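Colleague: Could you have a look at this structure, given as structure tokens, before my questions?
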Protein chains: 2
Amino acid sequence: MTTQRKEALRIRLDEAKLKKTRHRTMVLDVLDQENTFLSADDIYLKLKQEDASVSLSTVYRILETFVQTGLVSPIALDDTKPMLYEIAHAHHAHHLICRQCHKVIHVEHCPLEHYETRLEKAHGFTIDEHRLNFYGVCEACANTDQ
Amino acid sequence: MTTQRKEALRIRLDEAKLKKTRHRTMVLDVLDQENTFLSADDIYLKLKQEDASVSLSTVYRILETFVQTGLVSPIALDDTKPMLYEIAHAHHAHHLICRQCHKVIHVEHCPLEHYETRLEKAHGFTIDEHRLNFYGVCEACANTDQ
DNA sequence: GTAGGTGCAAAGAGTTTGCATACGC
DNA sequence: GCGTATGCAAACTCTTTGCACCTAC
């Protein structure tokens, strides 16, 4: 990790009003670099490669903190057991998720804004969030299949 | 459970090519009656009220069978730990989920069909399914809040 | 009668927690 | 130096599995 990059990560922790510890910086770095859904264990293993002295429970605690401060979003993908996490994106986004390679494509455009208002009126519901994911097979996997 | 209702449930099991056991009928009955998301444990407790001799592992095994035959859909709701299940609906549906009482409103209309085609072309992705859930507060909960 | 469904207990996976120590501010 | 982050181990929750027995067909 370059000094410059490290500094950028530390600034983001600072903005979230969190102590800038080595482990938090590393977890944020991994999530930011990968830019995909990762489990606590995925992150733990990656950290291990750089620094032997990390514990899985710390990763869980850091992720909990990050979720609460909005740095990271938890994602209940499909019917997978371990909870997955991704770096929070500035914009509300949807996902195209490949069932084979688990690659995730982020779709920033949201077609549902007007529809949401209609739903609220129709059902007397106050909506604060929606989650939309598409599942299928990406181009690369479709090609390697044959 | 009336004889008539029991018979209707048994026919549905038969159509799924499953042996019509007492426990399977009961699990299907609970899911059908409640028409909401239930965890394996929720179902287990309800069955216990009618019949003491049921085990939780049987409920899990029945749910797995039902999911495979398409009678029931597993739902990874939000960031909840236990997996939830609901009776499979004939039509693709979306959900309005109340964060307070966990009531679920089913929305049968889907505004995404054309959008999905556009996405497929734009990203070279073959989409086989999408999941759309709205989170917020229902009318009843909003009223009791004050 | 046979294939497969079920109960029980034990194991497994993922996650959380208590406590002593280490570290950021 | 104070408050909190962390490591370790143990506990906890949800789910699966092995095996003997039972039930639907």
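By convention here, the chains of the structure tokens are called A, B, ... in the order presented, each chain's residues are numbered starting at 1, and ligands are numbered starting at 1 in the order presented.
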Could you name the residues that touch Asn143 (chain B) at 12 Å or less, counting only C-alpha atoms (C1' of nucleotides), but leaving out those on the same chain fewer than 4 positions away, as a ChimeraX atom specification?
Modeller: /A:124-126 /B:100,137-139
Colleague: Please provide as a PyMOL selection string all residues within 8 Å of region 1-9 of chain D, with the sequence filter that same-chain residues fewer than 5 positions apart are discarded (counting only C-alpha atoms (C1' of nucleotides)).
Modeller: (chain A and resi 21+54-55+58) or (chain C and resi 22-23)
Colleague: Using DSSP on the backbone coordinates, identify the residues of region 90-141 of chain A assigned to helix (DSSP H, G or I); present them as number ranges by chain.
Modeller: A: 113-123, 139-141
Colleague: What would the file look like if the residues just selected were written as a short mmCIF file (atom, residue, chain, number, x, y, z; two decimals), in the first residue's frame with all heavy atoms?
Modeller:
```cif
data_model
loop_
_atom_site.label_atom_id
_atom_site.label_comp_id
_atom_site.auth_asym_id
_atom_site.auth_seq_id
_atom_site.Cartn_x
_atom_site.Cartn_y
_atom_site.Cartn_z
N GLU A 113 -37.61 5.34 -9.14
CA GLU A 113 -37.99 6.45 -8.29
C GLU A 113 -39.47 6.82 -8.34
O GLU A 113 -40.11 6.96 -7.31
CB GLU A 113 -37.11 7.66 -8.61
CG GLU A 113 -35.70 7.46 -8.07
CD GLU A 113 -34.73 8.52 -8.54
OE1 GLU A 113 -35.18 9.62 -8.87
OE2 GLU A 113 -33.52 8.22 -8.57
N HIS A 114 -39.98 6.93 -9.55
CA HIS A 114 -41.40 7.28 -9.66
C HIS A 114 -42.28 6.15 -9.18
O HIS A 114 -43.30 6.36 -8.52
CB HIS A 114 -41.75 7.64 -11.11
CG HIS A 114 -41.18 8.94 -11.52
ND1 HIS A 114 -40.00 9.04 -12.21
CD2 HIS A 114 -41.60 10.21 -11.30
CE1 HIS A 114 -39.72 10.32 -12.42
NE2 HIS A 114 -40.66 11.05 -11.87
N TYR A 115 -41.86 4.94 -9.51
CA TYR A 115 -42.64 3.78 -9.11
C TYR A 115 -42.76 3.70 -7.59
O TYR A 115 -43.81 3.36 -7.05
CB TYR A 115 -41.95 2.52 -9.65
CG TYR A 115 -42.71 1.25 -9.38
CD1 TYR A 115 -43.96 1.03 -9.93
CD2 TYR A 115 -42.17 0.29 -8.54
CE1 TYR A 115 -44.65 -0.13 -9.68
CE2 TYR A 115 -42.86 -0.88 -8.28
CZ TYR A 115 -44.09 -1.09 -8.85
OH TYR A 115 -44.78 -2.24 -8.59
N GLU A 116 -41.68 4.04 -6.92
CA GLU A 116 -41.67 4.00 -5.46
C GLU A 116 -42.73 4.94 -4.87
O GLU A 116 -43.46 4.57 -3.96
CB GLU A 116 -40.27 4.38 -4.96
CG GLU A 116 -40.01 4.00 -3.52
CD GLU A 116 -38.53 4.11 -3.17
OE1 GLU A 116 -37.75 3.26 -3.63
OE2 GLU A 116 -38.17 5.03 -2.43
N THR A 117 -42.82 6.11 -5.43
CA THR A 117 -43.82 7.08 -4.97
C THR A 117 -45.23 6.52 -5.18
O THR A 117 -46.10 6.64 -4.31
CB THR A 117 -43.68 8.40 -5.75
OG1 THR A 117 -42.31 8.76 -5.76
CG2 THR A 117 -44.50 9.50 -5.09
N ARG A 118 -45.44 5.90 -6.33
CA ARG A 118 -46.75 5.31 -6.61
C ARG A 118 -47.09 4.23 -5.59
O ARG A 118 -48.21 4.15 -5.08
CB ARG A 118 -46.76 4.69 -8.02
CG ARG A 118 -46.67 5.69 -9.15
CD ARG A 118 -47.75 5.42 -10.22
NE ARG A 118 -47.90 4.02 -10.56
CZ ARG A 118 -47.21 3.37 -11.49
NH1 ARG A 118 -46.29 4.01 -12.18
NH2 ARG A 118 -47.45 2.11 -11.74
N LEU A 119 -46.10 3.39 -5.28
CA LEU A 119 -46.32 2.31 -4.31
C LEU A 119 -46.68 2.87 -2.94
O LEU A 119 -47.56 2.36 -2.26
CB LEU A 119 -45.05 1.47 -4.16
CG LEU A 119 -44.86 0.28 -5.09
CD1 LEU A 119 -43.63 -0.49 -4.65
CD2 LEU A 119 -46.08 -0.64 -5.05
N GLU A 120 -45.97 3.92 -2.54
CA GLU A 120 -46.21 4.51 -1.22
C GLU A 120 -47.67 4.96 -1.11
O GLU A 120 -48.33 4.71 -0.10
CB GLU A 120 -45.28 5.70 -1.00
CG GLU A 120 -43.84 5.27 -0.73
CD GLU A 120 -42.96 6.44 -0.32
OE1 GLU A 120 -42.95 7.46 -1.03
OE2 GLU A 120 -42.28 6.31 0.72
N LYS A 121 -48.15 5.61 -2.16
CA LYS A 121 -49.54 6.09 -2.15
C LYS A 121 -50.52 4.93 -2.15
O LYS A 121 -51.49 4.90 -1.41
CB LYS A 121 -49.80 7.01 -3.35
CG LYS A 121 -49.17 8.38 -3.17
CD LYS A 121 -49.52 9.29 -4.34
CE LYS A 121 -48.73 10.60 -4.24
NZ LYS A 121 -48.65 11.29 -5.54
N ALA A 122 -50.22 3.94 -2.98
CA ALA A 122 -51.15 2.81 -3.13
C ALA A 122 -51.30 2.01 -1.85
O ALA A 122 -52.37 1.50 -1.54
CB ALA A 122 -50.70 1.92 -4.28
N HIS A 123 -50.23 1.89 -1.07
CA HIS A 123 -50.27 1.00 0.09
C HIS A 123 -50.11 1.71 1.43
O HIS A 123 -49.99 1.05 2.47
CB HIS A 123 -49.18 -0.08 -0.03
CG HIS A 123 -49.40 -1.01 -1.19
ND1 HIS A 123 -48.81 -0.82 -2.41
CD2 HIS A 123 -50.16 -2.11 -1.32
CE1 HIS A 123 -49.18 -1.78 -3.24
NE2 HIS A 123 -50.01 -2.57 -2.61
N GLU A 139 -21.29 -12.34 -19.43
CA GLU A 139 -20.83 -12.63 -20.79
C GLU A 139 -19.66 -13.63 -20.78
O GLU A 139 -19.66 -14.60 -21.54
CB GLU A 139 -20.40 -11.33 -21.46
CG GLU A 139 -20.43 -11.38 -22.96
CD GLU A 139 -20.53 -9.98 -23.56
OE1 GLU A 139 -20.21 -9.00 -22.86
OE2 GLU A 139 -20.92 -9.88 -24.73
N ALA A 140 -18.68 -13.38 -19.93
CA ALA A 140 -17.48 -14.23 -19.88
C ALA A 140 -17.84 -15.68 -19.57
O ALA A 140 -17.37 -16.60 -20.23
CB ALA A 140 -16.50 -13.68 -18.85
N CYS A 141 -18.68 -15.87 -18.55
CA CYS A 141 -19.06 -17.23 -18.17
C CYS A 141 -19.89 -17.90 -19.27
O CYS A 141 -19.74 -19.09 -19.52
CB CYS A 141 -19.84 -17.22 -16.86
SG CYS A 141 -18.80 -16.92 -15.43
#
```
Colleague: Select from chain A everything DSSP, run on the backbone, classes as strand (DSSP E), then give the selection as a PyMOL selection string.
Modeller: chain A and resi 38-39+72-75+84-87+94-98+104-107+126-137
Colleague: Keeping only N, CA, C and O atoms, take the residues you just selected and write them out as a tab-separated table (two decimals), in the first residue's frame.
Modeller:
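Saved the output as out_23.tsv:
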```
chain	number	residue	atom	x	y	z
A	38	LEU	N	-17.56	-9.33	-0.07
A	38	LEU	CA	-16.60	-10.19	0.63
A	38	LEU	C	-17.18	-10.61	1.96
A	38	LEU	O	-17.87	-9.83	2.63
A	39	SER	N	-16.88	-11.84	2.35
A	39	SER	CA	-17.30	-12.30	3.68
A	39	SER	C	-16.24	-11.89	4.69
A	39	SER	O	-15.12	-11.53	4.32
A	72	VAL	N	-19.60	0.82	5.00
A	72	VAL	CA	-19.75	-0.47	4.35
A	72	VAL	C	-21.21	-0.90	4.38
A	72	VAL	O	-21.93	-0.57	5.33
A	73	SER	N	-21.65	-1.60	3.35
A	73	SER	CA	-23.02	-2.11	3.32
A	73	SER	C	-23.04	-3.63	3.45
A	73	SER	O	-22.31	-4.31	2.75
A	74	PRO	N	-23.89	-4.15	4.35
A	74	PRO	CA	-24.05	-5.60	4.44
A	74	PRO	C	-25.01	-6.02	3.34
A	74	PRO	O	-25.95	-5.31	3.03
A	75	ILE	N	-24.76	-7.16	2.76
A	75	ILE	CA	-25.61	-7.63	1.68
A	75	ILE	C	-26.04	-9.06	1.94
A	75	ILE	O	-25.21	-9.93	2.13
A	84	LEU	N	-22.29	-11.05	3.56
A	84	LEU	CA	-21.29	-10.43	2.71
A	84	LEU	C	-21.32	-8.91	2.88
A	84	LEU	O	-22.35	-8.35	3.24
A	85	TYR	N	-20.18	-8.30	2.61
A	85	TYR	CA	-20.05	-6.86	2.79
A	85	TYR	C	-19.43	-6.24	1.57
A	85	TYR	O	-18.58	-6.84	0.93
A	86	GLU	N	-19.83	-5.02	1.27
A	86	GLU	CA	-19.16	-4.29	0.19
A	86	GLU	C	-18.98	-2.85	0.63
A	86	GLU	O	-19.70	-2.35	1.48
A	87	ILE	N	-18.00	-2.21	0.02
A	87	ILE	CA	-17.75	-0.81	0.32
A	87	ILE	C	-18.98	-0.02	-0.09
A	87	ILE	O	-19.59	-0.31	-1.11
A	94	HIS	N	-27.72	-0.72	-8.01
A	94	HIS	CA	-28.24	-2.08	-8.10
A	94	HIS	C	-27.14	-3.00	-8.58
A	94	HIS	O	-26.07	-2.53	-8.99
A	95	HIS	N	-27.39	-4.28	-8.56
A	95	HIS	CA	-26.33	-5.22	-8.90
A	95	HIS	C	-26.77	-6.26	-9.91
A	95	HIS	O	-27.88	-6.77	-9.84
A	96	LEU	N	-25.85	-6.55	-10.80
A	96	LEU	CA	-26.01	-7.70	-11.68
A	96	LEU	C	-25.04	-8.74	-11.14
A	96	LEU	O	-23.83	-8.52	-11.12
A	97	ILE	N	-25.55	-9.86	-10.68
A	97	ILE	CA	-24.70	-10.84	-10.01
A	97	ILE	C	-24.63	-12.13	-10.84
A	97	ILE	O	-25.65	-12.75	-11.13
A	98	CYS	N	-23.41	-12.52	-11.17
A	98	CYS	CA	-23.23	-13.73	-11.96
A	98	CYS	C	-23.29	-14.95	-11.05
A	98	CYS	O	-22.55	-15.05	-10.06
A	104	VAL	N	-19.75	-9.08	-9.74
A	104	VAL	CA	-20.84	-8.15	-9.52
A	104	VAL	C	-20.66	-6.92	-10.38
A	104	VAL	O	-19.60	-6.29	-10.37
A	105	ILE	N	-21.68	-6.59	-11.16
A	105	ILE	CA	-21.65	-5.36	-11.94
A	105	ILE	C	-22.57	-4.35	-11.26
A	105	ILE	O	-23.71	-4.67	-10.93
A	106	HIS	N	-22.05	-3.17	-11.02
A	106	HIS	CA	-22.86	-2.15	-10.37
A	106	HIS	C	-23.61	-1.33	-11.41
A	106	HIS	O	-23.02	-0.89	-12.38
A	107	VAL	N	-24.88	-1.15	-11.16
A	107	VAL	CA	-25.71	-0.34	-12.06
A	107	VAL	C	-26.17	0.89	-11.30
A	107	VAL	O	-26.92	0.77	-10.32
A	126	THR	N	-44.46	3.99	3.98
A	126	THR	CA	-43.37	4.95	3.85
A	126	THR	C	-42.09	4.18	3.55
A	126	THR	O	-41.58	3.47	4.41
A	127	ILE	N	-41.60	4.31	2.32
A	127	ILE	CA	-40.43	3.53	1.91
A	127	ILE	C	-39.17	4.33	2.16
A	127	ILE	O	-39.07	5.49	1.79
A	128	ASP	N	-38.20	3.73	2.83
A	128	ASP	CA	-36.94	4.44	3.01
A	128	ASP	C	-35.80	3.83	2.20
A	128	ASP	O	-34.74	4.41	2.07
A	129	GLU	N	-36.03	2.65	1.65
A	129	GLU	CA	-34.96	1.99	0.92
A	129	GLU	C	-35.55	0.89	0.05
A	129	GLU	O	-36.58	0.31	0.39
A	130	HIS	N	-34.87	0.62	-1.06
A	130	HIS	CA	-35.22	-0.60	-1.77
A	130	HIS	C	-33.95	-1.30	-2.22
A	130	HIS	O	-32.90	-0.67	-2.33
A	131	ARG	N	-34.05	-2.59	-2.41
A	131	ARG	CA	-32.89	-3.36	-2.86
A	131	ARG	C	-33.28	-4.15	-4.09
A	131	ARG	O	-34.27	-4.89	-4.06
A	132	LEU	N	-32.52	-3.97	-5.12
A	132	LEU	CA	-32.82	-4.63	-6.39
A	132	LEU	C	-31.57	-5.30	-6.92
A	132	LEU	O	-30.55	-4.66	-7.17
A	133	ASN	N	-31.63	-6.61	-7.08
A	133	ASN	CA	-30.50	-7.35	-7.64
A	133	ASN	C	-30.99	-8.25	-8.76
A	133	ASN	O	-32.06	-8.84	-8.67
A	134	PHE	N	-30.16	-8.32	-9.78
A	134	PHE	CA	-30.46	-9.20	-10.91
A	134	PHE	C	-29.49	-10.38	-10.88
A	134	PHE	O	-28.29	-10.19	-10.69
A	135	TYR	N	-30.01	-11.57	-11.11
A	135	TYR	CA	-29.16	-12.75	-11.10
A	135	TYR	C	-29.15	-13.38	-12.48
A	135	TYR	O	-30.18	-13.41	-13.16
A	136	GLY	N	-27.99	-13.88	-12.86
A	136	GLY	CA	-27.90	-14.51	-14.16
A	136	GLY	C	-26.49	-14.96	-14.46
A	136	GLY	O	-25.75	-15.31	-13.56
A	137	VAL	N	-26.14	-14.91	-15.73
A	137	VAL	CA	-24.82	-15.36	-16.16
A	137	VAL	C	-24.16	-14.24	-16.95
A	137	VAL	O	-24.76	-13.69	-17.87
```
Colleague: Pull out every residue of chain B sitting within 10 Å of chain D, counting only C-alpha atoms (C1' of nucleotides), and send them as a list in words.
Modeller: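 So the residues of chain B near chain D are Lys19, Lys20, Thr21, Arg22, Ala40, Asp41, Leu56, Ser57, Tyr60, Arg61, Lys81, Pro82 and Met83 of chain B.
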Colleague: Generate the output file for the selected residues, N, CA and C atoms, as a PDB file, in the first residue's frame.
Modeller:
```
ATOM      1  N   LYS B  19     -44.134 -37.669  -1.216  1.00  0.00           N
ATOM      2  CA  LYS B  19     -44.938 -38.512  -0.325  1.00  0.00           C
ATOM      3  C   LYS B  19     -45.746 -37.609   0.595  1.00  0.00           C
ATOM      4  N   LYS B  20     -46.990 -37.973   0.802  1.00  0.00           N
ATOM      5  CA  LYS B  20     -47.883 -37.120   1.587  1.00  0.00           C
ATOM      6  C   LYS B  20     -47.819 -37.495   3.070  1.00  0.00           C
ATOM      7  N   THR B  21     -46.788 -37.058   3.728  1.00  0.00           N
ATOM      8  CA  THR B  21     -46.660 -37.384   5.152  1.00  0.00           C
ATOM      9  C   THR B  21     -47.375 -36.327   5.989  1.00  0.00           C
ATOM     10  N   ARG B  22     -47.650 -36.705   7.236  1.00  0.00           N
ATOM     11  CA  ARG B  22     -48.348 -35.818   8.148  1.00  0.00           C
ATOM     12  C   ARG B  22     -47.566 -34.514   8.351  1.00  0.00           C
ATOM     13  N   ALA B  40     -37.369 -21.563  10.043  1.00  0.00           N
ATOM     14  CA  ALA B  40     -37.586 -22.972  10.373  1.00  0.00           C
ATOM     15  C   ALA B  40     -38.096 -23.093  11.813  1.00  0.00           C
ATOM     16  N   ASP B  41     -37.540 -22.296  12.685  1.00  0.00           N
ATOM     17  CA  ASP B  41     -37.928 -22.359  14.083  1.00  0.00           C
ATOM     18  C   ASP B  41     -39.364 -21.881  14.309  1.00  0.00           C
ATOM     19  N   LEU B  56     -36.983 -30.358  15.006  1.00  0.00           N
ATOM     20  CA  LEU B  56     -36.538 -29.225  14.203  1.00  0.00           C
ATOM     21  C   LEU B  56     -35.812 -29.686  12.948  1.00  0.00           C
ATOM     22  N   SER B  57     -35.028 -30.755  13.067  1.00  0.00           N
ATOM     23  CA  SER B  57     -34.289 -31.201  11.882  1.00  0.00           C
ATOM     24  C   SER B  57     -35.242 -31.669  10.784  1.00  0.00           C
ATOM     25  N   TYR B  60     -36.333 -28.605   8.915  1.00  0.00           N
ATOM     26  CA  TYR B  60     -35.294 -28.201   7.966  1.00  0.00           C
ATOM     27  C   TYR B  60     -35.298 -29.089   6.728  1.00  0.00           C
ATOM     28  N   ARG B  61     -35.424 -30.400   6.952  1.00  0.00           N
ATOM     29  CA  ARG B  61     -35.389 -31.312   5.809  1.00  0.00           C
ATOM     30  C   ARG B  61     -36.604 -31.111   4.906  1.00  0.00           C
ATOM     31  N   LYS B  81     -30.303 -13.127  10.355  1.00  0.00           N
ATOM     32  CA  LYS B  81     -29.521 -14.345  10.393  1.00  0.00           C
ATOM     33  C   LYS B  81     -30.286 -15.563   9.902  1.00  0.00           C
ATOM     34  N   PRO B  82     -31.403 -15.940  10.577  1.00  0.00           N
ATOM     35  CA  PRO B  82     -32.015 -17.194  10.153  1.00  0.00           C
ATOM     36  C   PRO B  82     -32.652 -17.048   8.779  1.00  0.00           C
ATOM     37  N   MET B  83     -32.503 -18.044   7.974  1.00  0.00           N
ATOM     38  CA  MET B  83     -33.116 -18.045   6.649  1.00  0.00           C
ATOM     39  C   MET B  83     -34.638 -18.057   6.800  1.00  0.00           C
TER      40      MET B  83
END
```
Colleague: Which of these, A:Lys6, A:Val59, A:His91, A:Asp51, has the shortest distance to chain C once you count only C-alpha atoms (C1' of nucleotides)?
Modeller: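 The closest residue to chain C is A:Val59.
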Colleague: Using only C-alpha atoms (C1' of nucleotides), find each residue of chain C with at least one atom at most 10 Å away from an atom of chain A; report its shortest atom-to-atom pair and that distance in Å (one decimal), sort the rows by chain and rising residue number, and return the result as a Markdown table.
Modeller:
```
| residue | atom | partner | partner_atom | distance |
| --- | --- | --- | --- | --- |
| C:DA13 | C1' | A:Lys81 | CA | 8.8 |
| C:DG14 | C1' | A:Pro82 | CA | 6.3 |
| C:DT15 | C1' | A:Tyr60 | CA | 7.9 |
| C:DT16 | C1' | A:Ser57 | CA | 8.3 |
| C:DT17 | C1' | A:Ser57 | CA | 9.8 |
| C:DC23 | C1' | A:Thr21 | CA | 8.3 |
| C:DG24 | C1' | A:Lys19 | CA | 6.6 |
| C:DC25 | C1' | A:Lys19 | CA | 8.2 |
```
Colleague: Mind pulling up the distance from CA of Gly70 (chain A) to CA of Thr3 (chain A)?
Modeller: 24.6 Å
Colleague: Which neighbours of Glu7 (chain B) fall inside 12 Å, counting only C-alpha atoms (C1' of nucleotides), when residues of the same chain fewer than 5 positions from it are skipped, and could you give them as a list in words?
Modeller: Met1, Thr2, Arg12, Leu13, Asp14, Lys20, Arg22, Thr25, Met26 and Asp29 of chain B
Colleague: Using the selection just defined, write its residues with N, CA, C and O atoms as a PDB file, in the first residue's frame.
Modeller:
```pdb
ATOM      1  N   MET B   1     -57.615 -28.142  11.333  1.00  0.00           N
ATOM      2  CA  MET B   1     -57.597 -28.216   9.877  1.00  0.00           C
ATOM      3  C   MET B   1     -58.784 -29.043   9.389  1.00  0.00           C
ATOM      4  O   MET B   1     -58.949 -30.186   9.786  1.00  0.00           O
ATOM      5  N   THR B   2     -59.596 -28.473   8.548  1.00  0.00           N
ATOM      6  CA  THR B   2     -60.742 -29.224   8.026  1.00  0.00           C
ATOM      7  C   THR B   2     -60.270 -30.337   7.089  1.00  0.00           C
ATOM      8  O   THR B   2     -59.182 -30.264   6.513  1.00  0.00           O
ATOM      9  N   ARG B  12     -51.615 -30.807  -3.438  1.00  0.00           N
ATOM     10  CA  ARG B  12     -50.443 -30.012  -3.833  1.00  0.00           C
ATOM     11  C   ARG B  12     -49.149 -30.800  -3.636  1.00  0.00           C
ATOM     12  O   ARG B  12     -48.217 -30.676  -4.423  1.00  0.00           O
ATOM     13  N   LEU B  13     -49.100 -31.599  -2.574  1.00  0.00           N
ATOM     14  CA  LEU B  13     -47.929 -32.443  -2.357  1.00  0.00           C
ATOM     15  C   LEU B  13     -47.831 -33.491  -3.458  1.00  0.00           C
ATOM     16  O   LEU B  13     -46.761 -33.781  -3.972  1.00  0.00           O
ATOM     17  N   ASP B  14     -48.986 -34.013  -3.789  1.00  0.00           N
ATOM     18  CA  ASP B  14     -49.031 -35.038  -4.823  1.00  0.00           C
ATOM     19  C   ASP B  14     -48.531 -34.496  -6.152  1.00  0.00           C
ATOM     20  O   ASP B  14     -47.749 -35.136  -6.854  1.00  0.00           O
ATOM     21  N   LYS B  20     -46.990 -37.973   0.802  1.00  0.00           N
ATOM     22  CA  LYS B  20     -47.883 -37.120   1.587  1.00  0.00           C
ATOM     23  C   LYS B  20     -47.819 -37.495   3.070  1.00  0.00           C
ATOM     24  O   LYS B  20     -48.705 -38.152   3.587  1.00  0.00           O
ATOM     25  N   ARG B  22     -47.650 -36.705   7.236  1.00  0.00           N
ATOM     26  CA  ARG B  22     -48.348 -35.818   8.148  1.00  0.00           C
ATOM     27  C   ARG B  22     -47.566 -34.514   8.351  1.00  0.00           C
ATOM     28  O   ARG B  22     -48.117 -33.414   8.291  1.00  0.00           O
ATOM     29  N   THR B  25     -47.565 -32.153   5.319  1.00  0.00           N
ATOM     30  CA  THR B  25     -48.859 -31.483   5.202  1.00  0.00           C
ATOM     31  C   THR B  25     -48.955 -30.326   6.195  1.00  0.00           C
ATOM     32  O   THR B  25     -49.396 -29.235   5.850  1.00  0.00           O
ATOM     33  N   MET B  26     -48.461 -30.578   7.412  1.00  0.00           N
ATOM     34  CA  MET B  26     -48.547 -29.537   8.436  1.00  0.00           C
ATOM     35  C   MET B  26     -47.658 -28.331   8.107  1.00  0.00           C
ATOM     36  O   MET B  26     -48.073 -27.184   8.301  1.00  0.00           O
ATOM     37  N   ASP B  29     -49.226 -26.388   5.420  1.00  0.00           N
ATOM     38  CA  ASP B  29     -50.389 -25.701   5.966  1.00  0.00           C
ATOM     39  C   ASP B  29     -50.003 -24.409   6.671  1.00  0.00           C
ATOM     40  O   ASP B  29     -50.583 -23.353   6.419  1.00  0.00           O
TER      41      ASP B  29
END
```
Colleague: Taking into account only C-alpha atoms, which residue in the set A:Ile43, A:Leu112, A:Ala52, A:Leu28 is nearest to chain B?
Modeller: A:Leu112
